[in-house]
file structure-v2.txt (compact mmCIF, C-alpha atoms and all ligand atoms)
# COMPACT_ATOMS: atom_id res chain seq x y z
CA MET A 29 57.58 83.16 10.42
CA ALA A 30 60.57 82.26 8.29
CA ASP A 31 61.59 79.04 10.00
CA THR A 32 60.01 77.00 12.77
CA VAL A 33 62.53 75.25 14.94
CA SER A 34 62.55 73.52 18.31
CA TYR A 35 64.99 74.80 20.90
CA LYS A 36 66.17 71.21 21.32
CA GLU A 37 67.72 71.22 17.85
CA LEU A 38 69.66 74.34 18.84
CA GLY A 39 71.00 73.08 22.15
CA PHE A 40 69.01 75.24 24.57
CA VAL A 41 67.30 73.60 27.56
CA ASN A 42 63.99 74.43 29.22
CA THR A 43 64.05 75.53 32.85
CA ARG A 44 62.60 72.41 34.50
CA GLU A 45 65.82 70.54 35.30
CA MET A 46 67.58 73.81 36.13
CA PHE A 47 64.95 74.63 38.73
CA LYS A 48 64.83 71.13 40.17
CA LYS A 49 68.56 71.26 40.89
CA ALA A 50 68.42 74.87 42.14
CA MET A 51 65.60 73.96 44.54
CA LYS A 52 67.44 70.89 45.82
CA ASP A 53 70.79 72.65 46.27
CA GLY A 54 69.49 76.00 47.57
CA TYR A 55 70.49 78.55 44.95
CA ALA A 56 68.81 80.62 42.22
CA VAL A 57 69.45 80.51 38.47
CA PRO A 58 70.36 83.94 37.05
CA ALA A 59 68.06 85.39 34.41
CA TYR A 60 69.93 88.21 32.69
CA ASN A 61 68.41 90.40 29.96
CA PHE A 62 70.25 91.28 26.77
CA ASN A 63 69.60 93.76 23.97
CA ASN A 64 72.95 93.81 22.20
CA MET A 65 76.06 91.80 21.39
CA GLU A 66 78.26 93.05 24.24
CA GLN A 67 75.66 92.19 26.90
CA LEU A 68 75.13 88.75 25.43
CA GLN A 69 78.87 88.02 25.21
CA ALA A 70 79.38 89.19 28.79
CA ILE A 71 76.52 87.08 30.19
CA LEU A 72 77.66 83.90 28.44
CA THR A 73 81.34 84.44 29.25
CA ALA A 74 80.60 85.13 32.92
CA CYS A 75 78.35 82.09 33.29
CA VAL A 76 80.76 79.74 31.51
CA LYS A 77 83.66 81.05 33.63
CA SER A 78 81.72 80.70 36.86
CA ARG A 79 80.17 77.35 35.81
CA SER A 80 76.64 78.66 36.33
CA PRO A 81 73.44 77.75 34.46
CA VAL A 82 71.88 80.79 32.83
CA ILE A 83 68.59 82.04 31.46
CA LEU A 84 69.06 84.49 28.58
CA GLN A 85 66.12 86.86 28.70
CA VAL A 86 64.63 88.71 25.76
CA SER A 87 61.91 91.27 26.45
CA LYS A 88 59.34 92.60 24.02
CA GLY A 89 61.26 95.87 24.14
CA ALA A 90 64.47 94.05 23.24
CA ARG A 91 62.77 92.44 20.25
CA ASP A 92 61.49 95.82 19.08
CA TYR A 93 64.92 97.42 19.58
CA ALA A 94 67.22 94.83 18.11
CA ASN A 95 64.86 93.06 15.69
CA ALA A 96 63.28 89.76 16.73
CA THR A 97 64.97 87.73 14.00
CA LEU A 98 68.42 89.12 14.71
CA LEU A 99 68.00 88.58 18.45
CA ARG A 100 67.09 84.92 18.21
CA TRP A 101 69.98 84.28 15.86
CA MET A 102 72.23 86.06 18.32
CA GLY A 103 70.98 83.68 21.01
CA ARG A 104 71.84 80.72 18.76
CA GLY A 105 75.20 82.26 17.90
CA ALA A 106 76.04 82.70 21.55
CA LEU A 107 75.32 79.04 22.15
CA GLU A 108 77.61 78.03 19.29
CA MET A 109 80.30 80.32 20.72
CA MET A 110 79.90 78.59 24.06
CA LYS A 111 80.23 75.14 22.44
CA GLU A 112 83.49 76.27 20.84
CA LEU A 113 84.77 77.41 24.22
CA GLY A 114 84.18 73.82 25.41
CA GLN A 115 82.67 72.94 28.80
CA GLY A 116 79.25 74.44 28.21
CA VAL A 117 76.67 75.17 30.89
CA PRO A 118 72.87 74.78 30.58
CA VAL A 119 71.41 77.77 28.74
CA ALA A 120 67.71 78.62 28.38
CA LEU A 121 66.39 81.21 25.93
CA HIS A 122 63.44 82.89 27.62
CA LEU A 123 60.82 85.46 26.67
CA ASP A 124 60.57 88.02 29.47
CA HIS A 125 57.15 89.58 30.18
CA GLY A 126 55.29 88.15 27.19
CA ASP A 127 51.99 90.02 27.05
CA SER A 128 50.02 87.97 24.53
CA PHE A 129 49.48 84.39 23.36
CA GLU A 130 50.70 85.38 19.86
CA LEU A 131 54.02 86.71 21.17
CA CYS A 132 54.61 83.58 23.27
CA LYS A 133 53.72 81.33 20.32
CA SER A 134 56.02 83.22 17.99
CA CYS A 135 58.93 82.80 20.43
CA ILE A 136 58.19 79.10 20.98
CA ASP A 137 58.03 78.54 17.21
CA CYS A 138 61.41 80.13 16.63
CA GLY A 139 63.47 78.30 19.24
CA PHE A 140 62.81 79.76 22.68
CA SER A 141 62.94 77.11 25.39
CA SER A 142 60.93 79.05 27.94
CA VAL A 143 58.38 81.86 27.94
CA MET A 144 56.76 84.12 30.49
CA ILE A 145 53.16 85.10 30.03
CA ASP A 146 52.61 88.12 32.21
CA ALA A 147 48.90 88.63 32.63
CA SER A 148 49.33 89.75 36.23
CA SER A 149 47.59 93.08 35.70
CA LYS A 150 44.41 91.32 34.54
CA PRO A 151 41.68 89.98 36.86
CA PHE A 152 42.50 86.52 38.29
CA ASP A 153 40.22 84.54 35.94
CA GLU A 154 41.57 86.29 32.82
CA ASN A 155 45.13 85.75 34.03
CA VAL A 156 44.34 82.04 34.48
CA ALA A 157 42.69 81.72 31.05
CA LEU A 158 45.50 83.42 29.09
CA THR A 159 48.25 81.66 31.03
CA LYS A 160 46.59 78.27 30.47
CA LYS A 161 46.28 78.96 26.75
CA VAL A 162 50.04 79.52 26.59
CA VAL A 163 50.73 76.40 28.68
CA ASP A 164 48.51 74.32 26.37
CA TYR A 165 50.61 75.41 23.39
CA ALA A 166 53.96 75.10 25.18
CA ARG A 167 53.44 71.74 26.92
CA PRO A 168 53.49 69.43 23.84
CA ARG A 169 56.63 71.26 22.70
CA ASP A 170 58.30 70.78 26.09
CA VAL A 171 58.75 74.53 26.54
CA SER A 172 58.53 75.81 30.12
CA VAL A 173 56.11 78.58 31.09
CA GLU A 174 56.38 81.21 33.82
CA GLY A 175 53.23 82.93 35.06
CA GLU A 176 52.81 85.83 37.46
CA LEU A 177 50.50 86.67 40.34
CA GLY A 178 50.67 90.08 41.99
CA VAL A 179 51.93 93.28 40.40
CA LEU A 180 55.36 94.86 40.68
CA ALA A 181 55.69 98.63 40.56
CA GLY A 182 57.89 99.80 37.72
CA ILE A 183 58.40 102.40 35.10
CA GLU A 184 59.73 100.43 32.15
CA GLU A 185 58.22 100.87 28.75
CA HIS A 186 56.38 97.57 28.71
CA VAL A 187 56.12 96.95 32.42
CA SER A 188 54.29 99.83 33.88
CA SER A 189 52.43 100.07 37.15
CA GLU A 190 52.28 102.95 39.61
CA LYS A 191 51.92 100.80 42.67
CA SER A 192 52.82 97.25 43.56
CA HIS A 193 50.20 94.77 44.75
CA TYR A 194 51.70 91.99 46.78
CA THR A 195 50.84 88.46 45.75
CA ASN A 196 47.95 87.06 47.75
CA PRO A 197 49.20 83.65 48.99
CA SER A 198 45.70 82.25 49.05
CA ASP A 199 45.55 82.56 45.22
CA VAL A 200 48.70 80.64 44.33
CA GLU A 201 47.55 77.05 44.72
CA ASP A 202 44.48 77.59 42.58
CA PHE A 203 46.51 79.47 39.93
CA VAL A 204 49.18 76.81 39.65
CA LYS A 205 46.63 74.00 39.53
CA LYS A 206 44.39 75.68 36.95
CA THR A 207 47.15 76.88 34.62
CA GLY A 208 49.80 74.14 34.83
CA VAL A 209 52.66 76.68 34.82
CA ASP A 210 56.22 75.52 35.59
CA SER A 211 57.17 78.51 37.73
CA LEU A 212 55.46 81.47 39.34
CA ALA A 213 56.66 85.08 39.63
CA ILE A 214 55.43 86.74 42.80
CA SER A 215 55.41 90.27 44.18
CA ILE A 216 57.06 90.63 47.59
CA GLY A 217 58.41 94.17 47.43
CA THR A 218 60.81 94.15 44.48
CA SER A 219 60.17 96.43 41.51
CA HIS A 220 61.62 97.10 38.07
CA GLY A 221 64.18 99.75 37.24
CA ALA A 222 66.84 101.72 39.11
CA TYR A 223 64.51 103.65 41.42
CA LYS A 224 62.86 100.95 43.46
CA PHE A 225 62.22 102.93 46.63
CA LYS A 226 61.46 106.56 47.37
CA LEU A 227 63.64 107.07 50.42
CA LYS A 228 63.73 110.15 52.60
CA PRO A 229 67.17 111.17 53.98
CA GLY A 230 68.28 108.73 56.66
CA GLU A 231 65.75 106.04 55.64
CA SER A 232 66.96 102.61 54.57
CA VAL A 233 65.51 100.19 52.04
CA PRO A 234 62.50 98.31 53.51
CA PRO A 235 62.97 94.52 53.77
CA LEU A 236 61.31 92.20 51.25
CA ARG A 237 58.09 90.55 52.46
CA PHE A 238 59.62 87.18 53.35
CA ASP A 239 56.43 86.45 55.30
CA ILE A 240 54.49 86.38 52.00
CA LEU A 241 57.17 84.19 50.40
CA GLU A 242 56.97 81.72 53.32
CA GLU A 243 53.20 81.63 53.10
CA VAL A 244 53.44 80.93 49.34
CA GLU A 245 55.97 78.15 49.99
CA LYS A 246 53.56 76.55 52.46
CA ARG A 247 50.74 76.56 49.90
CA ILE A 248 52.79 75.16 47.00
CA PRO A 249 55.73 73.30 48.57
CA GLY A 250 58.69 72.69 46.27
CA PHE A 251 57.26 74.83 43.48
CA PRO A 252 59.77 77.13 41.69
CA ILE A 253 59.28 80.82 42.52
CA VAL A 254 60.64 83.72 40.44
CA LEU A 255 61.75 87.15 41.62
CA HIS A 256 61.55 89.99 39.13
CA GLY A 257 62.96 93.45 39.74
CA ALA A 258 65.92 92.05 41.65
CA SER A 259 68.73 94.42 40.68
CA SER A 260 70.71 95.74 43.62
CA VAL A 261 71.46 99.08 41.90
CA LEU A 262 75.03 98.91 43.12
CA THR A 263 76.22 102.21 44.60
CA SER A 264 79.71 101.89 43.11
CA TYR A 265 78.23 102.19 39.59
CA ILE A 266 75.72 104.89 40.56
CA ASP A 267 78.62 106.88 42.05
CA MET A 268 80.65 106.38 38.87
CA ILE A 269 77.74 107.54 36.71
CA ASN A 270 77.27 110.66 38.84
CA LYS A 271 81.04 111.34 38.96
CA TYR A 272 81.37 111.24 35.17
CA GLY A 273 78.55 113.59 34.28
CA GLY A 274 75.43 111.52 34.91
CA LYS A 275 72.57 112.40 37.20
CA MET A 276 70.99 109.47 39.00
CA GLU A 277 69.98 110.72 42.40
CA GLY A 278 67.95 108.54 44.72
CA ALA A 279 68.52 105.31 42.77
CA ALA A 280 68.19 102.31 45.11
CA GLY A 281 67.81 98.56 44.73
CA ILE A 282 67.43 95.30 46.62
CA PRO A 283 70.23 94.68 49.12
CA GLU A 284 72.37 91.68 48.17
CA GLU A 285 71.92 89.90 51.50
CA GLN A 286 68.16 89.83 50.97
CA LEU A 287 68.64 88.26 47.55
CA ARG A 288 71.04 85.71 49.05
CA LYS A 289 68.38 84.77 51.57
CA ALA A 290 65.74 84.50 48.83
CA ALA A 291 68.05 82.36 46.66
CA LYS A 292 68.26 79.76 49.43
CA SER A 293 64.45 79.44 49.54
CA ALA A 294 62.01 78.28 46.84
CA VAL A 295 63.13 81.24 44.70
CA CYS A 296 64.79 79.43 41.78
CA LYS A 297 65.09 82.29 39.26
CA ILE A 298 66.24 85.85 39.90
CA ASN A 299 65.77 88.48 37.17
CA ILE A 300 68.44 91.14 36.73
CA ASP A 301 68.48 93.74 33.98
CA SER A 302 69.04 97.20 35.47
CA ASP A 303 72.37 96.30 37.10
CA GLY A 304 73.77 95.43 33.66
CA ARG A 305 72.49 98.70 32.22
CA LEU A 306 74.14 100.65 35.04
CA VAL A 307 77.51 98.93 34.55
CA MET A 308 77.51 99.74 30.82
CA THR A 309 76.50 103.35 31.39
CA ALA A 310 79.08 103.88 34.14
CA MET A 311 81.95 102.44 32.08
CA ILE A 312 81.05 104.26 28.88
CA ARG A 313 80.76 107.55 30.77
CA LYS A 314 84.18 106.93 32.36
CA VAL A 315 85.87 106.35 29.01
CA PHE A 316 84.22 109.41 27.48
CA ALA A 317 85.21 111.59 30.45
CA GLU A 318 88.80 110.39 30.50
CA LYS A 319 89.31 110.23 26.71
CA PRO A 320 87.04 112.83 25.13
CA GLY A 321 88.57 112.17 21.72
CA GLU A 322 87.62 108.48 21.67
CA PHE A 323 85.26 107.59 18.85
CA ASP A 324 85.80 103.86 18.21
CA PRO A 325 82.81 102.03 19.79
CA ARG A 326 85.06 99.06 20.56
CA LYS A 327 87.13 101.29 22.84
CA TYR A 328 84.17 102.16 25.07
CA LEU A 329 81.97 99.10 24.65
CA GLY A 330 84.96 96.80 25.23
CA PRO A 331 85.69 98.08 28.77
CA ALA A 332 81.95 98.04 29.51
CA ARG A 333 81.80 94.39 28.43
CA GLU A 334 84.79 93.50 30.61
CA GLU A 335 83.20 95.12 33.65
CA LEU A 336 79.90 93.37 32.92
CA VAL A 337 81.64 89.99 33.03
CA LYS A 338 83.00 90.84 36.49
CA MET A 339 79.62 92.00 37.77
CA TYR A 340 77.76 88.90 36.50
CA MET A 341 80.42 86.58 37.93
CA ASP A 342 80.10 88.36 41.25
CA LYS A 343 76.32 87.89 41.22
CA ASN A 344 76.65 84.19 40.46
CA GLU A 345 79.30 83.64 43.12
CA LYS A 346 78.24 85.91 45.95
CA VAL A 347 74.52 86.56 45.57
CA LEU A 348 72.66 83.82 43.69
CA GLY A 349 74.95 80.96 44.64
CA SER A 350 74.71 79.54 41.11
CA ALA A 351 78.48 79.44 40.50
CA GLY A 352 80.30 76.12 40.46
CA ARG A 353 77.16 74.03 39.98
CA TYR A 354 78.14 72.49 36.60
O1 LIG A 401 61.35 93.61 33.37
C1 LIG A 401 61.71 94.34 32.46
C2 LIG A 401 63.04 94.20 31.86
O2 LIG A 401 63.98 94.98 32.58
C3 LIG A 401 63.03 94.52 30.42
O3 LIG A 401 62.89 95.89 30.22
O4 LIG A 401 61.09 96.15 28.52
O5 LIG A 401 62.83 97.93 28.87
O6 LIG A 401 63.44 95.74 27.78
P1 LIG A 401 62.52 96.46 28.76
P1 LIG A 402 65.53 94.93 37.37
O1 LIG A 402 64.98 96.17 36.73
O2 LIG A 402 65.51 95.05 38.86
O3 LIG A 402 66.85 94.56 36.84
O4 LIG A 402 64.50 93.74 37.02
C1 LIG A 402 64.62 93.05 35.80
C2 LIG A 402 63.46 92.14 35.54
O5 LIG A 402 62.66 91.84 36.37
C3 LIG A 402 63.36 91.58 34.18
O6 LIG A 402 62.20 90.84 34.03
ZN ZN A 403 60.56 91.61 35.20

call {"tool": "encode", "arguments": {"input": "structure-v2.txt", "output": "structure tokens"}}
result
Amino acid sequence: MADTVSYKELGFVNTREMFKKAMKDGYAVPAYNFNNMEQLQAILTACVKSRSPVILQVSKGARDYANATLLRWMGRGALEMMKELGQGVPVALHLDHGDSFELCKSCIDCGFSSVMIDASSKPFDENVALTKKVVDYARPRDVSVEGELGVLAGIEEHVSSEKSHYTNPSDVEDFVKKTGVDSLAISIGTSHGAYKFKLKPGESVPPLRFDILEEVEKRIPGFPIVLHGASSVLTSYIDMINKYGGKMEGAAGIPEEQLRKAAKSAVCKINIDSDGRLVMTAMIRKVFAEKPGEFDPRKYLGPAREELVKMYMDKNEKVLGSAGRY
């Protein structure tokens, strides 16, 4: 590792204070993934404009795609850009779905303020042991750690499971006590990607298992809960993609009113990646369809970035309730 640095020197914050305030005031902090400059600019701009705290998420796939060193410097650069804009908001730099102690350690050592260790597909005791090992490294460095219990269905490269297994509420107290995590991701019917439900014609999206969430809240009152796989897969962008030459039939996500309800509960962090991907794809397809001669990336990535800002602001204001908190 070229340089070891604490996130505190860079101006990031861990998620503890963010979650305390979100829990008290009944909203959820957005956790948006980025893989490139336009996504990062849009996330920061939207959150500064809407006065929302934000968790910048970097996945293992993002590190492989964009280069781990470049990505972390981009995170730092974005923070400097925000300082120049004046009136900053709290920003955490978070590893999404860390799958090993080494990966979590490497992120902590290079300035991440928060990491997720996702050992949810392992047996309970192995999940506890690996998660605790990460917590033991993170704690003295004041880095927050997210663990996960239960498995989300999904088809992403690094997050792959055929079927979801809901979180068993009777496990959560033991897990939190034994590991010392700061927040817990649970499985209540969300899943990763743009195809969250296989719906037959006329069927609507099944509701999230709020009964499991309530049971979890009873077992660990006041403890920050995380929802992964929370994109709504907005039909306006799916329609745009299909109109301009794409083919995304049967894509469906989590209805916004269900996320609003979750955000008012102990759910303090809501993860959204796919919605950003869909906005970019829709806008780029539109430009290409309307101006087939366009070849300057700024002319198609620019409009995509503008639309991303609008979508993220909308999420903060109308879905997560995180706007106007700072
Ligand atoms: O939860 C998964 C995130 O959407 C990241 O996906 O591994 O394809 O970067 P990725
Ligand atoms: P979506 O695929 O629903 O956006 O979920 C993203 C996520 O959970 C990142 O960890
Ligand atoms: Zn996830």

call {"tool": "residues_around", "arguments": {"input": "structure-v2.txt", "residues": "region 241-248 of chain A", "least_positions_apart": "4", "cutoff": "10 Å", "atoms": "only C-alpha atoms", "output": "list of chain:residue names"}}
result
A:Thr195, A:Asn196, A:Pro197, A:Ser198, A:Asp199, A:Val200, A:Glu201, A:Asp202, A:Val204, A:Lys205, A:Ile214, A:Ser215, A:Ile216, A:Leu236, A:Arg237, A:Pro252, A:Ile253, A:Ala290, A:Ser293, A:Ala294, A:Val295

call {"tool": "closest_residue", "arguments": {"input": "structure-v2.txt", "among": "A:Ala157, A:Lys314, A:Ala56, A:Ser211", "to": "Lys327 (chain A)", "atoms": "only C-alpha atoms"}}
result
A:Lys314

call {"tool": "atom_distance", "arguments": {"input": "structure-v2.txt", "atom1": "CA of Phe62 (chain A)", "atom2": "CA of Ala50 (chain A)"}}
result
22.6 Å

call {"tool": "closest_residue", "arguments": {"input": "structure-v2.txt", "among": "A:Arg169, A:Arg100, A:His193, A:Lys88", "to": "Asp127 (chain A)", "atoms": "only C-alpha atoms"}}
result
A:Lys88

call {"tool": "atom_distance", "arguments": {"input": "structure-v2.txt", "atom1": "CA of Ser142 (chain A)", "atom2": "CA of Ile282 (chain A)"}}
result
25.6 Å

call {"tool": "closest_residue", "arguments": {"input": "structure-v2.txt", "among": "A:Pro118, A:Gly273, A:Gly304, A:Gly105", "to": "ligand LIG 401 (chain A)", "atoms": "only C-alpha atoms and all ligand atoms"}}
result
A:Gly304

call {"tool": "residues_near_ligand", "arguments": {"input": "structure-v2.txt", "ligand": "ligand LIG 402 (chain A)", "cutoff": "10 Å", "atoms": "all atoms listed in the file", "output": "PyMOL selection string"}}
result
chain A and resi 59-61+85-87+123-125+144+180+182-184+187+213+218-224+254-261+280-282+298-306

call {"tool": "closest_residue", "arguments": {"input": "structure-v2.txt", "among": "A:Pro168, A:Asn270, A:Phe238, A:Ile145", "to": "Val209 (chain A)", "atoms": "all atoms listed in the file"}}
result
A:Ile145

call {"tool": "residues_around", "arguments": {"input": "structure-v2.txt", "residues": "Lys206 (chain A)", "least_positions_apart": "4", "cutoff": "12 Å", "atoms": "all atoms listed in the file", "output": "ChimeraX atom specification"}}
result
/A:152-161,163-164,175,199-202,210

call {"tool": "closest_residue", "arguments": {"input": "structure-v2.txt", "among": "A:Val179, A:Val162, A:Val171, A:Leu262", "to": "ligand ZN 403 (chain A)", "atoms": "all atoms listed in the file"}}
result
A:Val179

call {"tool": "closest_residue", "arguments": {"input": "structure-v2.txt", "among": "A:Glu335, A:Leu72, A:Val82, A:Glu277", "to": "Pro229 (chain A)", "atoms": "only C-alpha atoms"}}
result
A:Glu277

call {"tool": "atom_distance", "arguments": {"input": "structure-v2.txt", "atom1": "CA of Val315 (chain A)", "atom2": "CA of Lys271 (chain A)"}}
result
12.1 Å

call {"tool": "residues_near_point", "arguments": {"input": "structure-v2.txt", "point": "(67.6, 80.4, 24.2)", "cutoff": "9 Å", "atoms": "all atoms listed in the file", "output": "ChimeraX atom specification"}}
result
/A:35,38-42,83-86,100,103-104,107,119-123,139-142

call {"tool": "axis_aligned_box", "arguments": {"input": "structure-v2.txt", "around": "region 128-147 of chain A", "padding_each_side": "6 Å", "output": "JSON"}}
result
{"center_x": 56.2, "center_y": 82.9, "center_z": 24.6, "size_x": 26.6, "size_y": 23.5, "size_z": 28.0}

call {"tool": "residues_near_point", "arguments": {"input": "structure-v2.txt", "point": "(80.2, 75.9, 42.6)", "cutoff": "12 Å", "atoms": "all atoms listed in the file", "output": "VMD selection string"}}
result
chain A and resid 50 53 to 55 75 to 81 341 344 to 346 348 to 354
